[in-house]
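Okay, so here's the structure we're looking at.
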Amino acid sequence: MARAARERSEQERERQRLVTAAEPVGVLDTGFRTVLSRLDRAGLLARVSRTVDFDLEAAAMMKHHDAGAALLFESVKDHDIPVVGNVFATPASSEAAMGLDRDRLRAALARGIRTDVEPAAASDPPAQQNVWRSGEIDLGAQLPVLKHAPGDGGRFVTAGVLIVRDPLTGVRNASFHRLQLIGPDTVAVKIDHGRHLGRALDHAVEMGQDLPVAVCIGTDVALIYAASTMGALMPESRDELCAAGGCRGAPLPVAPGVSQDIDVPADTEIVLEGVIRAGASVTEGPFGEFVGYASPAGPAPTMHVTAVTARDEPVYHAINGAGRETIVLRKHVLEVAALEAVRPVTQIVSDVCMPPGGLHRFHLVMALSKRYERDNGMGRNAALAAFGALKDLNMIVLVDDDIDLHDPDDVAYALATRFDAASDLVVLPGMRGHEYVRTSRAGVGTKAILDASVPFESRADFERIPFAAPSGGELDAAYSGTTVLSWLGGEHA
C-alpha cells in the first residue's frame, strides 16, 4: 500500500511538472513589425543597402546566410518595396522574434493548440491603407516576388498564409502554399496531398462555385505558427485564426476583405484577395522544395486576384523553398504537437527534439524518464502515437533522459552503445508520409522506431562515468603563465 501511494505521489508530481512546463505566458504582441523590431534589437536583423536583384540574387544571399541573421533587402531592383528573409531561419531567431526562450515559446504554441480565441473586428486596419482593385493589378511589377533557384519555373510567393472558409463546413482555414506568378492578376496555387485547403476547394468545386481566398504576406506571427501546425493537433474542424488568438492570449485583430467575403489579419503587410477558380488549372513548377530537391511541374488550380492591399511602407516576406527558414519555422510547433500527442499515452516522455538532419520534420528524438519496470515499452507506444499525429515523421529515436537529445553527437552515442538492431528496431512498412520523400511510393513508405533507451531494471549497467567537479578557478590558472617545458617555449628554452 505504501509503495502504491509513493508511486501515485510521484506520478502526480510528474503531472504537475508537465502542466507547469506549459503554463500560459501572458498576452503576446505577435505583430510582424514587432517581430522585426525585436530581431533588430537583438542584433539578428542585417540590412543590405545596395540594390539586389529579385531574380535569383536575393534568394542566393538568403541561402548563403542561412544560419545567420534575418536579411532586410532595403533596395530591390525595379521595386519600391523591401524584402525580408531568414526571419525564422534559426531557433535563436525564432525565440528572439517572439521575445521568449524555448520553453516559453513552446508554452505559447501549446496554448494555441489547446485554446480557441475568436478574432476581434479592427477598425481602420493598417493592412488596407493602400488598395489596388481589378484593372490596377500587376503582381510582377508591384511586388518584389523572387525567383529563388535557377531551376524554378518562375517567380513564387513563398511566405503567403492563405485564408479560406470551407463553403460546406463554414470553418476557416489558414495554411502555407506556394504561389507561382502566371499573369498580372493570376497565380497558380500548389496544394499538396491531404491539405485542408484542398478539401475546401473540393467542396467549392462540388458546389459549382469559386473559393474566396486572402493571401497574407508578412502577417501576425501567431497566425504564421498556426498555419504551420499540421496533423491531428490541427484537424480540419479547427479554425487557425482562433488558434492564433489562443497563442497570442488575445483575439487576433481582423477586418473584412475589400473585394472578398473573407477576414484578414488587420496588421498584415500585404494581402492578395481573390478567388481560386473551380475547375481552372495550369502547369505549375518546378520549384526547389524544403527536401532539397525540385518538386516537378504539374497541374495546379489558379487564383484570380481581385484586390491587393498593403500597409504604408510595407515589407515583403520571402522564404527560400530549400532554405532553413522553411524547416525551422515548423520545428517548435511540431515539437509541441508531438508532446501534445504523446502525453495522453504516457507521462514518461520528458522532452522531444526534431533535429536539423531530419529537416525538423521527418525525424524525432524522444527522451524517456522511466521510473518503474512497467514503464518499459511505453516509449514505443508513445512513438506510435507520434506517428499517428504527425504523418510526415518517418523515424523516431528513443533515448533515456541522461542523453542530451538536442546534441546529435549524444544521440549518436546512445545509438552506438544502447541500441541493438535485432531487438530494438521496429519497422513499420506501408505507412503514409510526405510525397516529397523520394524513397517513398507517392508518399507511402516505411517508418522506423530506433529504441536506444535502457530497460528500467538495467539502468545500473548503463550509468555513465561521473567526474568530480574541478575547484573554482582551476582552469583559469591552468591556462595562464609560462610552461615549464622548454621545447614548448618555456622559460628555459
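Lettering and numbering for the C-alpha cells are positional, with chains as A, B, ... in the shown order, residues counted from 1 in each chain, and ligands counted from 1 in the shown order.
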
Legend entry - Selection near Leu233 of chain A, 12 Å with only C-alpha atoms, sequence-local residues under 3 positions removed, as a VMD selection string: chain A and resid 109 to 115 226 to 230 236 to 240 243 333 to 342 385 to 386 388 to 391

Could you take the residues named above and write them with N, CA and C atoms, as a short mmCIF file (atom, residue, chain, number, x, y, z; two decimals), in the first residue's frame?
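Dumped everything to selection-v7.cif:
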```cif
data_model
loop_
_atom_site.label_atom_id
_atom_site.label_comp_id
_atom_site.auth_asym_id
_atom_site.auth_seq_id
_atom_site.Cartn_x
_atom_site.Cartn_y
_atom_site.Cartn_z
N LEU A 109 2.90 28.19 -27.93
CA LEU A 109 2.40 27.38 -29.04
C LEU A 109 1.45 26.30 -28.55
N ALA A 110 1.75 25.71 -27.39
CA ALA A 110 0.84 24.72 -26.82
C ALA A 110 -0.50 25.35 -26.48
N ARG A 111 -0.46 26.57 -25.99
CA ARG A 111 -1.70 27.28 -25.69
C ARG A 111 -2.53 27.47 -26.96
N GLY A 112 -1.85 27.75 -28.07
CA GLY A 112 -2.56 27.89 -29.34
C GLY A 112 -3.18 26.59 -29.81
N ILE A 113 -2.48 25.47 -29.57
CA ILE A 113 -3.02 24.17 -29.97
C ILE A 113 -4.24 23.81 -29.13
N ARG A 114 -4.23 24.21 -27.86
CA ARG A 114 -5.29 23.80 -26.93
C ARG A 114 -6.48 24.75 -26.90
N THR A 115 -6.25 26.04 -27.23
CA THR A 115 -7.22 27.07 -26.89
C THR A 115 -7.69 27.83 -28.12
N ALA A 226 0.25 29.07 -36.39
CA ALA A 226 -0.97 28.26 -36.50
C ALA A 226 -1.06 27.64 -37.89
N ALA A 227 -0.69 28.41 -38.92
CA ALA A 227 -0.74 27.90 -40.29
C ALA A 227 0.34 26.86 -40.55
N SER A 228 1.37 26.82 -39.69
CA SER A 228 2.46 25.86 -39.84
C SER A 228 2.17 24.55 -39.12
N THR A 229 1.14 24.53 -38.28
CA THR A 229 0.83 23.33 -37.49
C THR A 229 0.10 22.32 -38.36
N MET A 230 0.55 21.07 -38.28
CA MET A 230 -0.02 20.03 -39.13
C MET A 230 -0.45 18.84 -38.28
N GLU A 236 -9.17 19.36 -39.40
CA GLU A 236 -9.94 20.16 -40.35
C GLU A 236 -11.01 21.00 -39.67
N SER A 237 -11.45 20.57 -38.50
CA SER A 237 -12.51 21.29 -37.78
C SER A 237 -11.99 22.49 -37.00
N ARG A 238 -10.66 22.65 -36.89
CA ARG A 238 -10.10 23.78 -36.15
C ARG A 238 -9.97 25.00 -37.04
N ASP A 239 -10.17 26.16 -36.45
CA ASP A 239 -10.02 27.45 -37.12
C ASP A 239 -8.67 28.03 -36.70
N GLU A 240 -7.74 28.13 -37.64
CA GLU A 240 -6.39 28.61 -37.30
C GLU A 240 -6.38 30.05 -36.82
N ALA A 243 -6.97 29.63 -33.26
CA ALA A 243 -5.76 29.08 -32.64
C ALA A 243 -4.70 30.16 -32.49
N VAL A 333 6.80 24.30 -33.37
CA VAL A 333 5.37 23.98 -33.33
C VAL A 333 5.13 22.48 -33.51
N LEU A 334 5.98 21.80 -34.29
CA LEU A 334 5.81 20.36 -34.44
C LEU A 334 6.33 19.61 -33.22
N GLU A 335 7.35 20.14 -32.56
CA GLU A 335 7.78 19.53 -31.30
C GLU A 335 6.67 19.62 -30.25
N VAL A 336 6.02 20.77 -30.19
CA VAL A 336 4.89 20.92 -29.27
C VAL A 336 3.77 19.95 -29.65
N ALA A 337 3.49 19.84 -30.94
CA ALA A 337 2.43 18.93 -31.38
C ALA A 337 2.76 17.49 -31.00
N ALA A 338 4.05 17.12 -31.12
CA ALA A 338 4.45 15.76 -30.74
C ALA A 338 4.24 15.53 -29.24
N LEU A 339 4.64 16.50 -28.42
CA LEU A 339 4.43 16.37 -26.98
C LEU A 339 2.95 16.27 -26.63
N GLU A 340 2.15 17.11 -27.28
CA GLU A 340 0.71 17.08 -27.01
C GLU A 340 0.11 15.73 -27.42
N ALA A 341 0.67 15.10 -28.45
CA ALA A 341 0.13 13.83 -28.93
C ALA A 341 0.49 12.67 -28.02
N VAL A 342 1.69 12.70 -27.43
CA VAL A 342 2.15 11.52 -26.67
C VAL A 342 1.79 11.58 -25.20
N ALA A 385 1.98 6.83 -31.21
CA ALA A 385 1.06 7.97 -31.12
C ALA A 385 1.59 9.16 -31.91
N ALA A 386 2.90 9.38 -31.84
CA ALA A 386 3.50 10.50 -32.58
C ALA A 386 3.38 10.27 -34.08
N GLY A 388 1.06 8.62 -35.55
CA GLY A 388 -0.34 8.82 -35.91
C GLY A 388 -0.72 10.28 -35.99
N ALA A 389 -0.13 11.09 -35.12
CA ALA A 389 -0.49 12.51 -35.08
C ALA A 389 0.23 13.32 -36.15
N LEU A 390 1.45 12.91 -36.51
CA LEU A 390 2.27 13.68 -37.46
C LEU A 390 2.72 12.72 -38.56
N LYS A 391 1.97 12.69 -39.64
CA LYS A 391 2.21 11.68 -40.67
C LYS A 391 3.55 11.82 -41.36
#
```

What parts of segment 68-286 of chain A does DSSP call alpha helix (DSSP H)? I'd like the answer as a PDB file with C-alpha atoms, in the first residue's frame.
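Final output, saved to states-v2.pdb:
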```pdb
ATOM      1  CA  PRO A  91      15.977  28.513 -33.398  1.00  0.00           C
ATOM      2  CA  ALA A  92      17.672  31.542 -31.810  1.00  0.00           C
ATOM      3  CA  SER A  93      15.980  33.906 -34.270  1.00  0.00           C
ATOM      4  CA  SER A  94      12.626  32.187 -33.747  1.00  0.00           C
ATOM      5  CA  GLU A  95      12.891  32.682 -29.988  1.00  0.00           C
ATOM      6  CA  ALA A  96      14.160  36.268 -30.235  1.00  0.00           C
ATOM      7  CA  ALA A  97      11.387  37.124 -32.704  1.00  0.00           C
ATOM      8  CA  MET A  98       8.783  36.231 -30.091  1.00  0.00           C
ATOM      9  CA  ARG A 102      12.461  27.919 -25.985  1.00  0.00           C
ATOM     10  CA  ASP A 103      10.313  26.684 -23.099  1.00  0.00           C
ATOM     11  CA  ARG A 104       8.104  29.779 -23.037  1.00  0.00           C
ATOM     12  CA  LEU A 105       7.761  29.746 -26.822  1.00  0.00           C
ATOM     13  CA  ARG A 106       6.653  26.134 -26.580  1.00  0.00           C
ATOM     14  CA  ALA A 107       4.166  27.106 -23.871  1.00  0.00           C
ATOM     15  CA  ALA A 108       2.667  29.795 -26.114  1.00  0.00           C
ATOM     16  CA  LEU A 109       2.402  27.385 -29.040  1.00  0.00           C
ATOM     17  CA  ALA A 110       0.838  24.716 -26.818  1.00  0.00           C
ATOM     18  CA  ARG A 111      -1.704  27.280 -25.687  1.00  0.00           C
ATOM     19  CA  GLY A 112      -2.563  27.890 -29.339  1.00  0.00           C
ATOM     20  CA  ILE A 113      -3.018  24.170 -29.967  1.00  0.00           C
ATOM     21  CA  ARG A 114      -5.294  23.796 -26.934  1.00  0.00           C
ATOM     22  CA  LEU A 139       1.681  41.473 -59.368  1.00  0.00           C
ATOM     23  CA  GLY A 140       5.074  41.081 -61.034  1.00  0.00           C
ATOM     24  CA  ALA A 141       5.532  44.831 -61.320  1.00  0.00           C
ATOM     25  CA  GLN A 142       4.016  45.828 -57.972  1.00  0.00           C
ATOM     26  CA  HIS A 196      -7.268  21.181 -45.687  1.00  0.00           C
ATOM     27  CA  LEU A 197      -7.267  23.863 -48.404  1.00  0.00           C
ATOM     28  CA  GLY A 198      -7.639  21.070 -50.939  1.00  0.00           C
ATOM     29  CA  ARG A 199     -10.705  19.773 -49.109  1.00  0.00           C
ATOM     30  CA  ALA A 200     -12.271  23.242 -49.043  1.00  0.00           C
ATOM     31  CA  LEU A 201     -11.603  23.644 -52.770  1.00  0.00           C
ATOM     32  CA  ASP A 202     -13.107  20.212 -53.469  1.00  0.00           C
ATOM     33  CA  HIS A 203     -16.255  21.295 -51.638  1.00  0.00           C
ATOM     34  CA  ALA A 204     -16.403  24.523 -53.663  1.00  0.00           C
ATOM     35  CA  VAL A 205     -15.997  22.608 -56.931  1.00  0.00           C
ATOM     36  CA  GLU A 206     -18.757  20.183 -55.920  1.00  0.00           C
ATOM     37  CA  VAL A 221       3.374  35.524 -36.313  1.00  0.00           C
ATOM     38  CA  ALA A 222       0.837  33.692 -34.145  1.00  0.00           C
ATOM     39  CA  LEU A 223      -1.106  33.043 -37.349  1.00  0.00           C
ATOM     40  CA  ILE A 224       2.115  32.027 -39.119  1.00  0.00           C
ATOM     41  CA  TYR A 225       2.669  29.393 -36.434  1.00  0.00           C
ATOM     42  CA  ALA A 226      -0.967  28.259 -36.505  1.00  0.00           C
ATOM     43  CA  ALA A 227      -0.738  27.903 -40.287  1.00  0.00           C
ATOM     44  CA  SER A 228       2.462  25.857 -39.837  1.00  0.00           C
ATOM     45  CA  GLU A 240      -6.394  28.610 -37.299  1.00  0.00           C
ATOM     46  CA  LEU A 241      -7.411  32.236 -36.706  1.00  0.00           C
ATOM     47  CA  CYS A 242      -8.876  31.148 -33.368  1.00  0.00           C
ATOM     48  CA  ALA A 243      -5.761  29.084 -32.641  1.00  0.00           C
ATOM     49  CA  ALA A 244      -3.651  32.189 -33.352  1.00  0.00           C
ATOM     50  CA  GLY A 245      -5.711  34.036 -30.755  1.00  0.00           C
ATOM     51  CA  GLY A 246      -5.009  31.222 -28.318  1.00  0.00           C
ATOM     52  CA  CYS A 247      -1.279  31.542 -28.963  1.00  0.00           C
ATOM     53  CA  ARG A 248      -1.380  35.325 -28.531  1.00  0.00           C
TER      54      ARG A 248
END
```

Inset, instruction - Pick out the residues sitting within 8 Å of segment 286-295 of chain A, and hand them over as a PyMOL selection string; count only C-alpha atoms, and ignore anything fewer than 2 positions along from it in its own chain. - result: chain A and resi 148-149+151-153+284+297-298+321-323+326-327+359+436-437

Would you mind exporting C-alpha atoms of the selected residues as a PDB file, in the first residue's frame?
```pdb
ATOM      1  CA  HIS A 148      14.567  31.527 -55.890  1.00  0.00           C
ATOM      2  CA  ALA A 149      16.589  28.879 -57.754  1.00  0.00           C
ATOM      3  CA  GLY A 151      15.631  25.503 -61.972  1.00  0.00           C
ATOM      4  CA  ASP A 152      12.421  27.112 -60.725  1.00  0.00           C
ATOM      5  CA  GLY A 153       9.598  27.545 -63.207  1.00  0.00           C
ATOM      6  CA  GLU A 284       2.847  24.913 -62.047  1.00  0.00           C
ATOM      7  CA  ALA A 297       5.933  20.643 -62.755  1.00  0.00           C
ATOM      8  CA  GLY A 298       2.315  19.569 -62.597  1.00  0.00           C
ATOM      9  CA  GLY A 321      11.865  26.831 -50.524  1.00  0.00           C
ATOM     10  CA  ALA A 322      15.099  24.917 -49.984  1.00  0.00           C
ATOM     11  CA  GLY A 323      16.275  27.122 -47.123  1.00  0.00           C
ATOM     12  CA  THR A 326      11.170  26.683 -44.268  1.00  0.00           C
ATOM     13  CA  ILE A 327      12.112  23.880 -41.892  1.00  0.00           C
ATOM     14  CA  LEU A 359      14.656  18.720 -41.623  1.00  0.00           C
ATOM     15  CA  TYR A 436       8.289  14.713 -51.445  1.00  0.00           C
ATOM     16  CA  VAL A 437      10.325  11.879 -49.842  1.00  0.00           C
TER      17      VAL A 437
END
```

Legend entry - Of the listed residues A:Leu368, A:Val215, A:His193, A:Leu71, that which approaches Gly443 of chain A most closely, counting only C-alpha atoms: A:His193

Legend entry - Spatial neighbours of Met431 of chain A, max dist 9 Å, only C-alpha atoms, sep filter under 5 positions, as a list in words: Lys391, Asn394, Gly443, Val444, Gly445, Thr446 and Lys447 of chain A

Selection to disk with C-alpha atoms, as a short mmCIF file (atom, residue, chain, number, x, y, z; two decimals), in the first residue's frame:
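Everything below was put into result.cif:
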```cif
data_model
loop_
_atom_site.label_atom_id
_atom_site.label_comp_id
_atom_site.auth_asym_id
_atom_site.auth_seq_id
_atom_site.Cartn_x
_atom_site.Cartn_y
_atom_site.Cartn_z
CA LYS A 391 2.21 11.68 -40.67
CA ASN A 394 9.45 8.62 -40.69
CA GLY A 443 4.16 9.24 -50.04
CA VAL A 444 3.70 5.64 -48.84
CA GLY A 445 6.83 4.16 -47.30
CA THR A 446 8.42 2.65 -44.21
CA LYS A 447 8.69 4.22 -40.78
#
```

Legend entry - Top pick for closest residue to Pro256 of chain A, considering A:Val411, A:Val315, A:Val328, A:Ala121 and counting only C-alpha atoms: A:Ala121

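Straight-line separation from atom CA of Phe462 of chain A to atom CA of Lys370 of chain A: 13.7 Å.
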
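All residues of protein, DNA or RNA that reach within 9 Å of Val254 of chain A, judged by only C-alpha atoms and not counting those fewer than 5 positions away in the chain, are Pro119, Ala120, Ala121, Ala122, Ser123, Pro125, Asp263, Val264, Pro265, Ala266 and Asp267 of chain A.
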
N, CA and C atoms of the current selection, written as a CSV table (one decimal), in the first residue's frame:
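Dumped to out-v7.csv:
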```csv
chain,number,residue,atom,x,y,z
A,119,PRO,N,-11.4,35.8,-33.3
A,119,PRO,CA,-10.8,37.1,-33.7
A,119,PRO,C,-11.7,38.2,-33.3
A,120,ALA,N,-11.1,39.4,-33.3
A,120,ALA,CA,-11.9,40.6,-33.0
A,120,ALA,C,-11.8,41.6,-34.2
A,121,ALA,N,-13.0,42.3,-34.4
A,121,ALA,CA,-13.0,43.2,-35.5
A,121,ALA,C,-12.1,44.4,-35.2
A,122,ALA,N,-11.4,44.9,-36.2
A,122,ALA,CA,-10.5,46.0,-36.1
A,122,ALA,C,-11.0,47.1,-37.0
A,123,SER,N,-11.0,48.4,-36.5
A,123,SER,CA,-11.4,49.5,-37.4
A,123,SER,C,-10.1,50.1,-38.0
A,125,PRO,N,-8.0,49.2,-40.5
A,125,PRO,CA,-6.9,48.3,-40.5
A,125,PRO,C,-5.7,48.8,-41.3
A,263,ASP,N,-12.1,37.2,-43.8
A,263,ASP,CA,-11.4,38.0,-42.8
A,263,ASP,C,-9.9,38.0,-43.0
A,264,VAL,N,-9.2,39.2,-42.9
A,264,VAL,CA,-7.8,39.2,-43.0
A,264,VAL,C,-7.2,39.8,-41.7
A,265,PRO,N,-6.1,39.4,-41.3
A,265,PRO,CA,-5.4,40.0,-40.1
A,265,PRO,C,-5.1,41.5,-40.4
A,266,ALA,N,-5.5,42.3,-39.4
A,266,ALA,CA,-5.5,43.8,-39.7
A,266,ALA,C,-4.2,44.4,-39.9
A,267,ASP,N,-3.1,43.7,-39.3
A,267,ASP,CA,-1.8,44.3,-39.4
A,267,ASP,C,-0.9,43.7,-40.4
```

Which residues are near Ala280 of chain A? Cut-off 10 Å, only C-alpha atoms, ignore same chain within fewer than 6 positions. Put them as a short mmCIF file (atom, residue, chain, number, x, y, z; two decimals) with C-alpha atoms, in the first residue's frame.
```cif
data_model
loop_
_atom_site.label_atom_id
_atom_site.label_comp_id
_atom_site.auth_asym_id
_atom_site.auth_seq_id
_atom_site.Cartn_x
_atom_site.Cartn_y
_atom_site.Cartn_z
CA ALA A 188 -1.07 29.06 -59.62
CA ASP A 210 -15.21 29.67 -56.78
CA PRO A 299 -1.28 20.76 -62.77
CA ALA A 300 -2.45 23.27 -60.17
CA PRO A 301 -5.57 25.39 -59.67
CA THR A 302 -5.42 29.11 -60.38
CA MET A 303 -6.26 32.10 -58.22
#
```

Legend entry - Which of A:Ala422, A:Val35, A:Ala174, A:Val308 sits closest to Gly218 of chain A [using only C-alpha atoms]: A:Val35
